[in-house]
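S.K.: What follows is query-v8.cif, made up of mmCIF, C-alpha atoms:
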```cif
data_run
loop_
_atom_site.label_atom_id
_atom_site.label_comp_id
_atom_site.auth_asym_id
_atom_site.auth_seq_id
_atom_site.Cartn_x
_atom_site.Cartn_y
_atom_site.Cartn_z
CA MET E 272 161.65 87.27 -161.57
CA ARG E 273 163.89 86.28 -158.68
CA TYR E 274 164.37 88.16 -155.45
CA ILE E 275 165.78 88.01 -151.94
CA GLU E 276 163.73 89.17 -148.94
CA PRO E 277 166.59 90.53 -146.83
CA HIS E 278 164.46 91.50 -143.82
CA GLY E 279 161.31 89.59 -142.87
CA HIS E 280 160.05 88.53 -139.44
CA MET E 281 158.69 85.21 -140.56
CA VAL E 282 158.02 83.81 -137.08
CA SER E 283 155.03 86.15 -136.99
CA ARG E 284 153.76 85.30 -140.47
CA VAL E 285 151.50 82.47 -141.58
CA THR E 286 152.59 79.65 -143.85
CA ASP E 287 150.54 81.11 -146.71
CA ASP E 288 152.99 84.02 -146.78
CA TYR E 289 155.85 81.61 -147.49
CA VAL E 290 153.75 80.16 -150.32
CA ASP E 291 153.05 83.61 -151.78
CA MET E 292 156.68 84.72 -151.48
CA ALA E 293 158.03 81.57 -153.12
CA THR E 294 155.43 81.87 -155.87
CA ALA E 295 156.49 85.47 -156.50
CA GLY E 296 160.13 84.42 -156.98
CA CYS E 297 161.62 84.70 -153.51
CA GLN E 298 164.64 82.45 -153.11
CA VAL E 299 166.08 83.55 -149.78
CA VAL E 300 164.60 85.14 -146.67
CA CYS E 301 166.66 86.75 -143.89
CA GLU E 302 165.17 87.24 -140.46
CA PRO E 303 166.66 89.65 -137.93
CA ALA E 304 165.74 89.16 -134.28
CA PHE E 305 163.11 91.68 -133.21
CA TRP E 306 160.53 92.68 -130.63
CA ALA E 307 157.68 90.20 -130.30
CA GLY E 308 155.09 92.91 -129.69
CA PHE E 309 155.36 92.37 -125.95
CA ASP E 310 158.32 92.35 -123.56
CA ARG E 311 159.83 88.97 -122.75
CA SER E 312 160.19 88.43 -119.02
CA SER E 313 163.59 86.74 -118.98
CA ALA E 314 166.66 85.83 -120.99
CA GLN E 315 165.28 82.30 -121.26
CA GLY E 316 162.56 83.64 -123.56
CA PHE E 317 165.28 84.92 -125.89
CA TYR E 318 167.11 81.59 -125.74
CA ASP E 319 163.95 79.90 -127.00
CA TYR E 320 163.50 82.59 -129.67
CA PHE E 321 167.09 82.13 -130.89
CA CYS E 322 166.44 78.38 -131.11
CA GLN E 323 163.30 79.10 -133.12
CA LEU E 324 165.28 81.34 -135.51
CA THR E 325 168.13 78.89 -135.98
CA GLU E 326 166.33 75.53 -135.87
CA HIS E 327 162.60 75.69 -136.50
CA GLU E 328 162.18 78.57 -138.96
CA PRO E 329 164.79 77.35 -141.50
CA LYS E 330 162.93 74.03 -141.67
CA ARG E 331 159.60 75.80 -142.12
CA ALA E 332 161.00 77.93 -144.95
CA SER E 333 162.67 74.98 -146.64
CA LYS E 334 159.32 73.28 -147.15
CA PHE E 335 158.67 75.93 -149.79
CA GLY E 336 162.16 75.89 -151.29
CA LEU E 337 163.32 79.01 -149.44
CA LEU E 338 166.70 79.37 -147.79
CA HIS E 339 166.39 81.01 -144.37
CA TYR E 340 169.08 83.09 -142.63
CA THR E 341 168.95 85.05 -139.41
CA TRP E 342 170.57 87.77 -137.30
CA LEU E 343 170.62 87.73 -133.49
CA CYS E 344 170.31 90.42 -130.82
CA ILE E 345 168.00 91.94 -128.26
CA ASN E 346 165.93 94.49 -130.13
CA PRO E 347 166.24 98.17 -129.12
CA LYS E 348 162.60 98.14 -127.96
CA GLU E 349 163.69 95.88 -125.09
CA ALA E 350 166.97 97.68 -124.43
CA GLU E 351 165.80 99.95 -121.61
CA ASP E 352 166.47 97.10 -119.17
CA VAL E 353 170.27 96.96 -119.39
CA ASN E 354 170.60 93.97 -117.05
CA LEU E 355 168.27 91.88 -119.19
CA ALA E 356 170.14 93.04 -122.29
CA GLU E 357 173.46 91.95 -120.79
CA ASP E 358 172.04 88.50 -120.06
CA VAL E 359 170.63 88.15 -123.58
CA ILE E 360 173.80 89.39 -125.28
CA GLY E 361 175.67 86.84 -123.18
CA LEU E 362 173.59 84.09 -124.82
CA ILE E 363 174.36 85.10 -128.39
CA PRO E 364 177.94 83.75 -128.83
CA GLN E 365 176.81 80.12 -128.41
CA PHE E 366 174.51 80.62 -131.45
CA LEU E 367 176.97 82.41 -133.74
CA ASP E 368 178.38 79.22 -135.24
CA ARG E 369 174.98 77.95 -136.31
CA PRO E 370 174.81 77.63 -140.11
CA ASN E 371 172.09 80.22 -140.79
CA VAL E 372 173.37 83.02 -138.49
CA LEU E 373 174.73 85.94 -140.55
CA GLY E 374 175.52 88.41 -137.81
CA ILE E 375 174.24 90.75 -135.10
CA GLY E 376 170.89 92.45 -135.74
CA GLU E 377 168.64 94.21 -135.84
CA ILE E 378 170.39 96.37 -133.30
CA GLY E 379 170.09 100.13 -132.99
CA LEU E 380 167.86 102.59 -131.18
CA ASN E 381 164.14 103.06 -130.60
CA LYS E 382 163.55 106.16 -128.46
CA ASN E 383 167.22 107.26 -128.44
CA SER E 384 167.66 106.82 -124.69
CA ARG E 385 170.90 106.50 -122.74
CA ASN E 386 170.23 102.86 -121.91
CA GLU E 387 169.46 102.06 -125.54
CA MET E 388 172.83 103.64 -126.40
CA LYS E 389 174.58 101.44 -123.83
CA VAL E 390 172.99 98.31 -125.26
CA LEU E 391 173.83 99.40 -128.81
CA GLU E 392 177.47 99.79 -127.77
CA MET E 393 177.41 96.33 -126.16
CA HIS E 394 176.13 94.81 -129.41
CA VAL E 395 178.73 96.67 -131.47
CA GLU E 396 181.44 95.43 -129.10
CA LEU E 397 180.21 91.84 -129.55
CA ALA E 398 180.13 92.18 -133.35
CA ALA E 399 183.61 93.72 -133.43
CA ARG E 400 185.04 91.06 -131.09
CA THR E 401 183.56 88.18 -133.07
CA ASN E 402 184.01 89.77 -136.52
CA GLU E 403 180.30 89.55 -137.26
CA MET E 404 178.36 91.63 -139.75
CA ILE E 405 175.77 94.10 -138.42
CA LEU E 406 172.19 94.88 -139.39
CA VAL E 407 170.89 98.12 -137.85
CA HIS E 408 167.32 99.17 -137.07
CA THR E 409 166.80 102.93 -137.09
CA PRO E 410 164.03 104.46 -134.96
CA HIS E 411 160.52 105.23 -136.08
CA LEU E 412 159.00 108.47 -137.34
CA GLU E 413 160.08 111.58 -135.41
CA ASP E 414 162.92 109.70 -133.71
CA LYS E 415 164.56 108.43 -136.90
CA LEU E 416 166.75 111.41 -137.81
CA LYS E 417 168.33 111.78 -134.38
CA GLY E 418 168.66 108.02 -133.92
CA THR E 419 170.31 107.49 -137.27
CA ARG E 420 172.90 110.16 -136.48
CA LEU E 421 173.60 108.68 -133.03
CA ILE E 422 173.92 105.14 -134.42
CA VAL E 423 176.30 106.16 -137.19
CA ASP E 424 178.42 108.05 -134.66
CA VAL E 425 178.69 104.92 -132.47
CA LEU E 426 179.63 102.73 -135.42
CA LYS E 427 182.16 105.20 -136.81
CA SER E 428 183.82 105.60 -133.43
CA ASP E 429 184.79 101.89 -133.36
CA LYS E 430 187.60 101.49 -135.85
CA ARG E 431 187.17 97.70 -135.88
CA ILE E 432 183.82 98.11 -137.65
CA LYS E 433 184.04 98.04 -141.43
CA PRO E 434 181.22 100.18 -142.88
CA GLU E 435 180.80 97.94 -145.91
CA ARG E 436 179.83 95.08 -143.55
CA VAL E 437 177.06 97.10 -141.89
CA ILE E 438 173.59 97.89 -143.25
CA ILE E 439 171.57 100.73 -141.76
CA ASP E 440 167.94 99.83 -142.37
CA HIS E 441 164.66 101.75 -142.59
CA VAL E 442 166.15 104.86 -144.21
CA GLU E 443 163.88 107.55 -145.62
CA GLU E 444 164.48 110.69 -147.66
CA HIS E 445 165.81 112.66 -144.69
CA THR E 446 168.22 109.97 -143.47
CA ILE E 447 169.44 108.06 -146.52
CA GLU E 448 172.51 110.23 -147.05
CA ILE E 449 173.77 109.70 -143.49
CA PRO E 450 174.77 106.02 -143.84
CA LEU E 451 175.65 106.21 -147.53
CA ASP E 452 178.01 109.16 -147.04
CA ALA E 453 179.76 107.25 -144.24
CA GLY E 454 180.31 104.16 -146.43
CA PHE E 455 177.59 101.95 -144.96
CA TRP E 456 174.88 100.11 -146.87
CA ALA E 457 171.32 101.42 -146.53
CA GLY E 458 168.02 99.54 -146.50
CA MET E 459 164.61 100.88 -147.47
CA THR E 460 161.64 99.28 -145.76
CA LEU E 461 158.40 99.19 -147.72
CA TYR E 462 155.46 99.77 -145.40
CA PRO E 463 151.95 100.92 -146.28
CA GLU E 464 151.86 103.63 -143.59
CA SER E 465 155.21 104.30 -141.92
CA LYS E 466 158.72 104.11 -143.42
CA CYS E 467 158.38 104.32 -147.21
CA THR E 468 156.12 103.32 -150.08
CA ALA E 469 157.33 101.58 -153.22
CA ALA E 470 157.06 104.83 -155.19
CA ARG E 471 159.22 106.70 -152.67
CA ALA E 472 161.75 103.86 -152.59
CA VAL E 473 162.10 104.04 -156.37
CA ASP E 474 162.49 107.83 -156.07
CA MET E 475 165.42 107.23 -153.72
CA ILE E 476 166.98 104.71 -156.11
CA GLU E 477 166.73 107.29 -158.89
CA ASN E 478 168.16 110.05 -156.67
CA TYR E 479 170.95 108.16 -154.92
CA GLY E 480 171.75 105.22 -157.23
CA SER E 481 171.64 101.58 -156.26
CA GLU E 482 175.26 100.90 -155.37
CA ARG E 483 174.79 100.14 -151.64
CA LEU E 484 171.04 99.93 -151.31
CA TRP E 485 168.44 97.21 -150.77
CA MET E 486 164.68 97.04 -150.29
CA ASN E 487 162.81 94.86 -147.82
CA SER E 488 159.29 94.26 -146.55
CA ALA E 489 160.21 93.90 -142.86
CA CYS E 490 156.94 91.97 -142.70
CA ASP E 491 156.00 91.21 -139.10
CA TRP E 492 152.94 91.11 -136.85
CA GLY E 493 152.05 94.74 -137.65
CA VAL E 494 150.76 96.51 -140.75
CA SER E 495 153.14 95.16 -143.40
CA VAL E 496 153.11 93.36 -146.76
CA PRO E 497 155.19 90.19 -147.30
CA LEU E 498 155.18 90.78 -151.07
CA ALA E 499 156.33 94.40 -150.79
CA VAL E 500 159.63 93.72 -152.60
CA PRO E 501 158.05 92.27 -155.77
CA TYR E 502 155.49 95.09 -155.68
CA ALA E 503 158.38 97.57 -155.60
CA ALA E 504 159.93 95.72 -158.54
CA LEU E 505 156.67 96.27 -160.40
CA GLU E 506 156.89 99.97 -159.54
CA MET E 507 160.39 100.06 -161.04
CA ARG E 508 159.08 98.35 -164.17
CA ARG E 509 156.22 100.86 -164.49
CA ARG E 510 158.81 103.63 -164.56
CA GLY E 511 160.86 101.96 -167.25
CA HIS E 512 163.71 100.52 -165.20
CA SER E 513 165.38 97.68 -167.09
CA PRO E 514 165.05 94.04 -166.00
CA GLU E 515 168.79 94.12 -165.26
CA SER E 516 168.53 97.12 -162.92
CA ILE E 517 165.54 95.56 -161.16
CA ASP E 518 167.43 92.29 -160.70
CA ARG E 519 170.41 94.22 -159.34
CA MET E 520 168.20 95.96 -156.80
CA ILE E 521 166.14 93.02 -155.54
CA TYR E 522 168.58 90.14 -155.95
CA GLN E 523 172.19 91.01 -156.72
CA ASN E 524 172.53 93.80 -154.17
CA PRO E 525 171.29 91.82 -151.16
CA ALA E 526 173.33 88.86 -152.38
CA ARG E 527 176.44 91.06 -152.59
CA PHE E 528 176.01 92.44 -149.08
CA LEU E 529 174.96 89.18 -147.43
CA GLY E 530 177.62 87.26 -149.37
CA GLN E 531 180.26 88.92 -147.22
CA SER E 532 179.31 86.24 -144.71
CA PRO E 533 180.93 82.94 -145.69
CA LYS E 534 177.77 81.18 -144.52
CA PHE E 535 175.52 82.91 -147.03
CA LYS E 536 174.89 80.79 -150.11
CA LEU E 537 172.47 81.34 -152.96
CA PRO E 538 170.28 78.41 -153.98
CA LYS E 539 171.63 76.14 -156.66
CA THR E 540 169.84 76.88 -159.93
CA MET H 132 160.85 109.94 -167.32
CA THR H 133 159.34 113.13 -168.73
CA ARG H 134 157.08 115.28 -166.55
CA GLN H 135 154.20 114.25 -168.80
CA GLN H 136 154.95 110.57 -168.10
CA VAL H 137 155.16 111.19 -164.35
CA LEU H 138 151.82 113.00 -164.43
CA ASP H 139 150.23 110.25 -166.49
CA LEU H 140 151.46 107.63 -164.03
CA TYR H 141 150.90 109.35 -160.69
CA PHE H 142 148.51 112.31 -160.96
CA MET H 143 145.30 110.44 -160.15
CA GLU H 144 146.93 108.72 -157.17
CA ALA H 145 148.34 112.02 -155.88
CA ARG H 146 144.99 113.74 -156.43
CA ALA H 147 143.24 111.08 -154.35
CA LYS H 148 145.81 111.48 -151.56
CA LEU H 149 145.44 115.26 -151.66
CA ILE H 150 141.67 115.00 -151.24
CA ASP H 151 142.12 112.46 -148.43
CA LEU H 152 144.42 114.91 -146.71
CA ALA H 153 141.89 117.72 -147.11
CA ALA H 154 139.13 115.49 -145.77
CA PHE H 155 141.27 114.58 -142.76
CA MET H 156 141.74 118.26 -141.95
CA ASP H 157 137.98 118.82 -142.28
CA ARG H 158 137.39 115.84 -139.95
CA VAL H 159 139.69 117.28 -137.31
CA GLU H 160 138.03 120.70 -137.67
CA ARG H 161 134.56 119.18 -137.34
CA ALA H 162 135.43 117.18 -134.22
CA SER H 163 135.08 118.53 -130.68
CA GLY H 164 137.70 119.10 -128.01
CA PRO H 165 141.27 120.38 -128.18
CA GLU H 166 143.82 119.05 -130.64
CA ASP H 167 147.29 117.98 -129.56
CA PHE H 168 150.79 118.82 -130.78
CA ARG H 169 150.49 116.49 -133.76
CA MET H 170 148.07 118.75 -135.63
CA ALA H 171 150.25 121.79 -135.16
CA ALA H 172 153.21 119.78 -136.46
CA PHE H 173 151.08 118.59 -139.36
CA ARG H 174 150.18 122.16 -140.36
CA LYS H 175 153.82 123.21 -140.06
CA ALA H 176 154.88 120.32 -142.28
CA LEU H 177 152.19 121.20 -144.82
CA ALA H 178 153.73 124.64 -145.16
CA GLU H 179 156.90 122.97 -146.43
CA LEU H 180 155.16 121.80 -149.59
CA GLY H 181 155.81 123.45 -152.92
CA LYS H 182 158.68 125.68 -151.83
CA GLU H 183 161.36 124.03 -153.94
CA SER H 184 162.68 120.51 -154.61
CA GLN H 185 163.03 117.80 -151.92
CA ASN H 186 159.51 118.26 -150.57
CA ALA H 187 159.43 114.80 -148.97
CA ARG H 188 162.73 115.40 -147.21
CA ARG H 189 161.63 118.79 -145.87
CA VAL H 190 158.33 117.39 -144.57
CA LEU H 191 160.16 114.56 -142.79
CA LEU H 192 162.67 116.97 -141.29
CA SER H 193 159.85 119.21 -140.11
CA LEU H 194 158.30 116.29 -138.20
CA SER H 195 161.63 115.13 -136.72
CA ASP H 196 163.29 115.60 -133.36
CA PRO H 197 166.19 117.94 -134.22
CA THR H 198 168.06 117.48 -130.92
CA THR H 199 171.30 115.54 -130.72
CA GLU H 200 171.64 114.21 -127.15
CA PRO H 201 170.15 110.88 -125.96
CA ILE H 202 167.10 111.24 -123.71
CA ALA H 203 167.40 110.21 -120.05
CA ALA H 204 165.10 107.19 -120.36
CA ALA H 205 162.54 105.72 -122.71
CA THR H 206 159.11 105.97 -121.09
CA THR H 207 157.26 104.50 -124.06
CA LYS H 208 158.10 102.29 -127.02
CA ALA H 209 155.88 104.08 -129.52
CA ALA H 210 156.56 107.07 -131.74
CA ALA H 211 153.88 109.74 -132.19
CA GLY H 212 154.70 110.75 -135.76
CA ALA H 213 155.67 114.30 -134.82
CA TRP H 214 158.11 115.85 -132.39
CA PRO H 215 156.09 117.34 -129.49
CA GLU H 216 158.17 120.50 -129.42
CA SER H 217 158.06 121.22 -133.14
#
```
Go ahead and express the file in the form of C-alpha cells.
M.R.:
Amino acid sequence: MRYIEPHGHMVSRVTDDYVDMATAGCQVVCEPAFWAGFDRSSAQGFYDYFCQLTEHEPKRASKFGLLHYTWLCINPKEAEDVNLAEDVIGLIPQFLDRPNVLGIGEIGLNKNSRNEMKVLEMHVELAARTNEMILVHTPHLEDKLKGTRLIVDVLKSDKRIKPERVIIDHVEEHTIEIPLDAGFWAGMTLYPESKCTAARAVDMIENYGSERLWMNSACDWGVSVPLAVPYAALEMRRRGHSPESIDRMIYQNPARFLGQSPKFKLPKT
Amino acid sequence: MTRQQVLDLYFMEARAKLIDLAAFMDRVERASGPEDFRMAAFRKALAELGKESQNARRVLLSLSDPTTEPIAAATTKAAAGAWPES
C-alpha cells in the first residue's frame, strides 16, 4: 500500500513516527503551518518556524525516504492580534519560492471573530496576489458550522480564487456539503475524539463520493494518530472497497490536488 | 453492504459505545453540584437519534452555533463541544 499524508504537523512528532509512517507506505508528507500550543511572542518566532518548515523538516523526513512539503501562514488561533498577523504575513513572500512550499495554509477561523476574519482576508489577498494554492482550517466542534460558512463566503467573494485550488479541511457530516457544493476540495481529519473517526470518514466517502476528497491524520502535539490514514484504508478494506478505490482516496486524490502546484513531485518509483 | 453485514461488522462496537454513553450519564447523575450548558446540549442532541436518516449530521447540527455573524472578539482559543445557548 502507498499513501500520502496530506496534513501532518511533523515538527511536533518524534522520529519514530516518521519510521512508522514510512513503514506503513507513506511516500509524501505535507505540513501546514499551525499553532504551537502556545502563542509566539513576536514575528521573529514565526520566521524561525518557517525556516524549520522549509529547511530542517524536509531533511529530517528525507532520512526515511519521505518527501516533505509545507504551507505557510499564521494560524487562526493566533489571529486575534491583527498587528502581529500583519507582521507575520509580511514575512511569508520571501519563503514562497522555496522548493517545498505549496501555498498558504492552514488559514481559516478558530472562534469566528472579527479579527480572525480580517486575518483570513489578508491571507486570501496574499494567496490571490501571488497565485498560491490555499489550505483551509475550519473551526472546532460547535464553531465549525458557522466558521465553514463564513470561510466559504470569503473565498467565494474573491473572484481571483479558483475553488479547485483550495481545500477546506476538517469537514464533518454537517459541513461536508458546503465546500463540495461550492467547487472546493474537502479534507476529512481522522482524530480519536474530535473531528471524525475512520468509520465516519468512510461513511462520508460512500455518501458523497471521492471526487474532491482526501483524508489526513493532522497529527500534532495533541491527541492524534500519525497512522490514521492507513488505519482508514483498513476500514475501507473491511467494508469491501476495492484496492483501486482505496489507492484513489489515499494516494491519487491528494496527488491530484497537490499536483496543481508545479513544485509538487511524487517520488520516483 | 447489506444491513446484516453492517451489523456483523459494527454492532459490538456500537453496543460498547452505547453502554459507555449510558455510563457517562449515570456518572454525571451520581456526581454532586450543578451541571453546565454542555449536559443540556448533550441531552438535546441525544433526542435527535433515531428520528430518520442522517443521525450524525443532526447531532452535529444540534451541538453547533447556528448564528451567522462573526463574534466581536475571541476571548478563548478552545471550543466547548456545545453551543452555550443551545
S.K.: Which residues come within 9 Å of Ala187 in chain H, counting all atoms listed in the file, excluding same-chain residues fewer than 4 positions away, as a PDB file with C-alpha atoms, in the coordinates of the input?
M.R.:
```pdb
ATOM      1  CA  GLU E 444     164.480 110.690-147.660  1.00  0.00           C
ATOM      2  CA  HIS E 445     165.810 112.660-144.690  1.00  0.00           C
ATOM      3  CA  ARG E 471     159.220 106.700-152.670  1.00  0.00           C
TER       4      ARG E 471
ATOM      5  CA  GLU H 179     156.900 122.970-146.430  1.00  0.00           C
ATOM      6  CA  LEU H 180     155.160 121.800-149.590  1.00  0.00           C
ATOM      7  CA  LEU H 191     160.160 114.560-142.790  1.00  0.00           C
ATOM      8  CA  LEU H 192     162.670 116.970-141.290  1.00  0.00           C
TER       9      LEU H 192
END
```
S.K.: Evaluate the PyMOL selection byres ((chain E) within 9 of (chain H)) and record the selected residues as a tab-separated table (two decimals) with C-alpha atoms, in the frame of the given file, following the chain and residue labels used in the document.
M.R.:
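Saved to part-v6.tsv:
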```tsv
chain	number	residue	atom	x	y	z
E	348	LYS	CA	162.60	98.14	-127.96
E	349	GLU	CA	163.69	95.88	-125.09
E	351	GLU	CA	165.80	99.95	-121.61
E	381	ASN	CA	164.14	103.06	-130.60
E	382	LYS	CA	163.55	106.16	-128.46
E	383	ASN	CA	167.22	107.26	-128.44
E	384	SER	CA	167.66	106.82	-124.69
E	385	ARG	CA	170.90	106.50	-122.74
E	386	ASN	CA	170.23	102.86	-121.91
E	387	GLU	CA	169.46	102.06	-125.54
E	388	MET	CA	172.83	103.64	-126.40
E	410	PRO	CA	164.03	104.46	-134.96
E	411	HIS	CA	160.52	105.23	-136.08
E	412	LEU	CA	159.00	108.47	-137.34
E	413	GLU	CA	160.08	111.58	-135.41
E	414	ASP	CA	162.92	109.70	-133.71
E	415	LYS	CA	164.56	108.43	-136.90
E	416	LEU	CA	166.75	111.41	-137.81
E	417	LYS	CA	168.33	111.78	-134.38
E	418	GLY	CA	168.66	108.02	-133.92
E	420	ARG	CA	172.90	110.16	-136.48
E	421	LEU	CA	173.60	108.68	-133.03
E	443	GLU	CA	163.88	107.55	-145.62
E	444	GLU	CA	164.48	110.69	-147.66
E	445	HIS	CA	165.81	112.66	-144.69
E	446	THR	CA	168.22	109.97	-143.47
E	465	SER	CA	155.21	104.30	-141.92
E	471	ARG	CA	159.22	106.70	-152.67
E	509	ARG	CA	156.22	100.86	-164.49
E	510	ARG	CA	158.81	103.63	-164.56
E	511	GLY	CA	160.86	101.96	-167.25
```
S.K.: Take the PyMOL selection byres ((chain E and resi 283-287) around 12), apply it to the structure above, and return the hits as an MDAnalysis selection string.
M.R.: chainID E and resid 279:282 288:294 302 304:308 320 323:324 328 330:335 489:498
S.K.: Please determine, counting only C-alpha atoms, which residue among E:Val359, E:Ile378, E:Met459, E:Ala470 has the shortest atom-to-atom distance to Asn346 in chain E.
M.R.: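 Result for the nearest residue to Asn346 in chain E: E:Ile378.
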S.K.: Taking all atoms listed in the file into account, name the residue in E:Ile432, E:Ala526, E:Met520, E:Ile363 that is nearest to Arg508 in chain E.
M.R.: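 Of the candidates, the smallest distance to Arg508 in chain E is held by E:Met520.
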S.K.: Using the chain letters and numbers from the file, which residues does the PyMOL selection byres ((chain H and resi 153-167) around 12) grab, as a list in words?
M.R.: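 Matching residues under the PyMOL selection byres ((chain H and resi 153-167) around 12) are Arg146, Ala147, Lys148, Leu149, Ile150, Asp151, Leu152, Phe168, Arg169, Met170, Ala171, Ala172, Phe173, Arg174, Leu177, Ala211, Ala213, Trp214, Pro215, Glu216 and Ser217 of chain H.
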S.K.: Counting only C-alpha atoms, find residues at most 9 Å from (168.5, 83.4, -133.2) (file frame) and give them as a list in words.
M.R.: Glu302, Pro303, Ala304, Phe317, Tyr318, Asp319, Tyr320, Phe321, Cys322, Gln323, Leu324, Thr325, Glu326, Thr341, Trp342, Leu343, Cys344, Ile363, Phe366, Leu367, Asn371 and Val372 of chain E
S.K.: Enter the distance from CA of Lys389 in chain E to CA of Tyr462 in chain E, in Å, rounded to one decimal.
M.R.: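 These atoms are spaced 28.9 Å apart.
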S.K.: Val299 in chain E: which residues within 10 Å, counting all atoms listed in the file, same-chain residues fewer than 6 positions away excluded, as a ChimeraX atom specification?
M.R.: /E:273-277,292-293,332-333,336-340,522,525-526,535-538
S.K.: How many Å lie between CA of Ala295 in chain E and CA of Arg483 in chain E, rounded to one decimal?
M.R.: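 For CA of Ala295 in chain E relative to CA of Arg483 in chain E, the distance reads 24.0 Å.
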S.K.: My list of candidates is E:Arg519, E:Arg527, E:Lys466, E:Arg400. Which is closest to Glu435 in chain E when distances are computed with all atoms listed in the file?
M.R.: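 Ranked by minimum distance to Glu435 in chain E, first place goes to E:Arg527.
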S.K.: Can you pull out every residue within 9 Å of Met393 in chain E, counting all atoms listed in the file, but drop anything in the same chain fewer than 5 positions away, and send it as a ChimeraX atom specification?
M.R.: /E:356-357,360,388,398
S.K.: Can you measure CA of Glu448 in chain E to CA of Tyr479 in chain E for me? One decimal in Å is fine.
M.R.: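 If I compute the distance from CA of Glu448 in chain E to CA of Tyr479 in chain E, I get 8.3 Å.
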S.K.: Take range 168-187 of chain H, model N, CA and C atoms, and hand the result over as a compact mmCIF listing (two decimals), in the coordinates of the input.
M.R.:
```
# COMPACT_ATOMS: atom_id res chain seq x y z
N PHE H 168 149.64 118.29 -130.04
CA PHE H 168 150.79 118.82 -130.78
C PHE H 168 150.91 118.27 -132.20
N ARG H 169 150.32 117.11 -132.45
CA ARG H 169 150.49 116.49 -133.76
C ARG H 169 149.88 117.34 -134.88
N MET H 170 148.73 117.96 -134.58
CA MET H 170 148.07 118.75 -135.63
C MET H 170 148.85 120.02 -135.94
N ALA H 171 149.42 120.60 -134.92
CA ALA H 171 150.25 121.79 -135.16
C ALA H 171 151.47 121.41 -136.00
N ALA H 172 152.06 120.26 -135.68
CA ALA H 172 153.21 119.78 -136.46
C ALA H 172 152.81 119.47 -137.89
N PHE H 173 151.61 118.93 -138.03
CA PHE H 173 151.08 118.59 -139.36
C PHE H 173 150.94 119.86 -140.21
N ARG H 174 150.36 120.90 -139.61
CA ARG H 174 150.18 122.16 -140.36
C ARG H 174 151.54 122.77 -140.72
N LYS H 175 152.48 122.67 -139.79
CA LYS H 175 153.82 123.21 -140.06
C LYS H 175 154.48 122.45 -141.21
N ALA H 176 154.30 121.14 -141.21
CA ALA H 176 154.88 120.32 -142.28
C ALA H 176 154.22 120.62 -143.62
N LEU H 177 152.91 120.86 -143.58
CA LEU H 177 152.19 121.20 -144.82
C LEU H 177 152.77 122.45 -145.47
N ALA H 178 153.19 123.37 -144.64
CA ALA H 178 153.73 124.64 -145.16
C ALA H 178 155.05 124.43 -145.89
N GLU H 179 155.63 123.26 -145.74
CA GLU H 179 156.90 122.97 -146.43
C GLU H 179 156.68 122.59 -147.89
N LEU H 180 155.43 122.29 -148.24
CA LEU H 180 155.16 121.80 -149.59
C LEU H 180 155.25 122.91 -150.63
N GLY H 181 155.83 122.56 -151.78
CA GLY H 181 155.81 123.45 -152.92
C GLY H 181 156.82 124.58 -152.89
N LYS H 182 157.69 124.59 -151.90
CA LYS H 182 158.68 125.68 -151.83
C LYS H 182 159.76 125.51 -152.90
N GLU H 183 160.29 124.32 -152.99
CA GLU H 183 161.36 124.03 -153.94
C GLU H 183 161.44 122.51 -154.07
N SER H 184 162.56 121.96 -154.49
CA SER H 184 162.68 120.51 -154.61
C SER H 184 162.83 119.88 -153.22
N GLN H 185 162.87 118.57 -153.17
CA GLN H 185 163.03 117.80 -151.92
C GLN H 185 161.89 118.07 -150.94
N ASN H 186 160.68 118.06 -151.43
CA ASN H 186 159.51 118.26 -150.57
C ASN H 186 159.40 117.17 -149.51
N ALA H 187 159.58 115.91 -149.92
CA ALA H 187 159.43 114.80 -148.97
C ALA H 187 160.45 114.93 -147.85
```
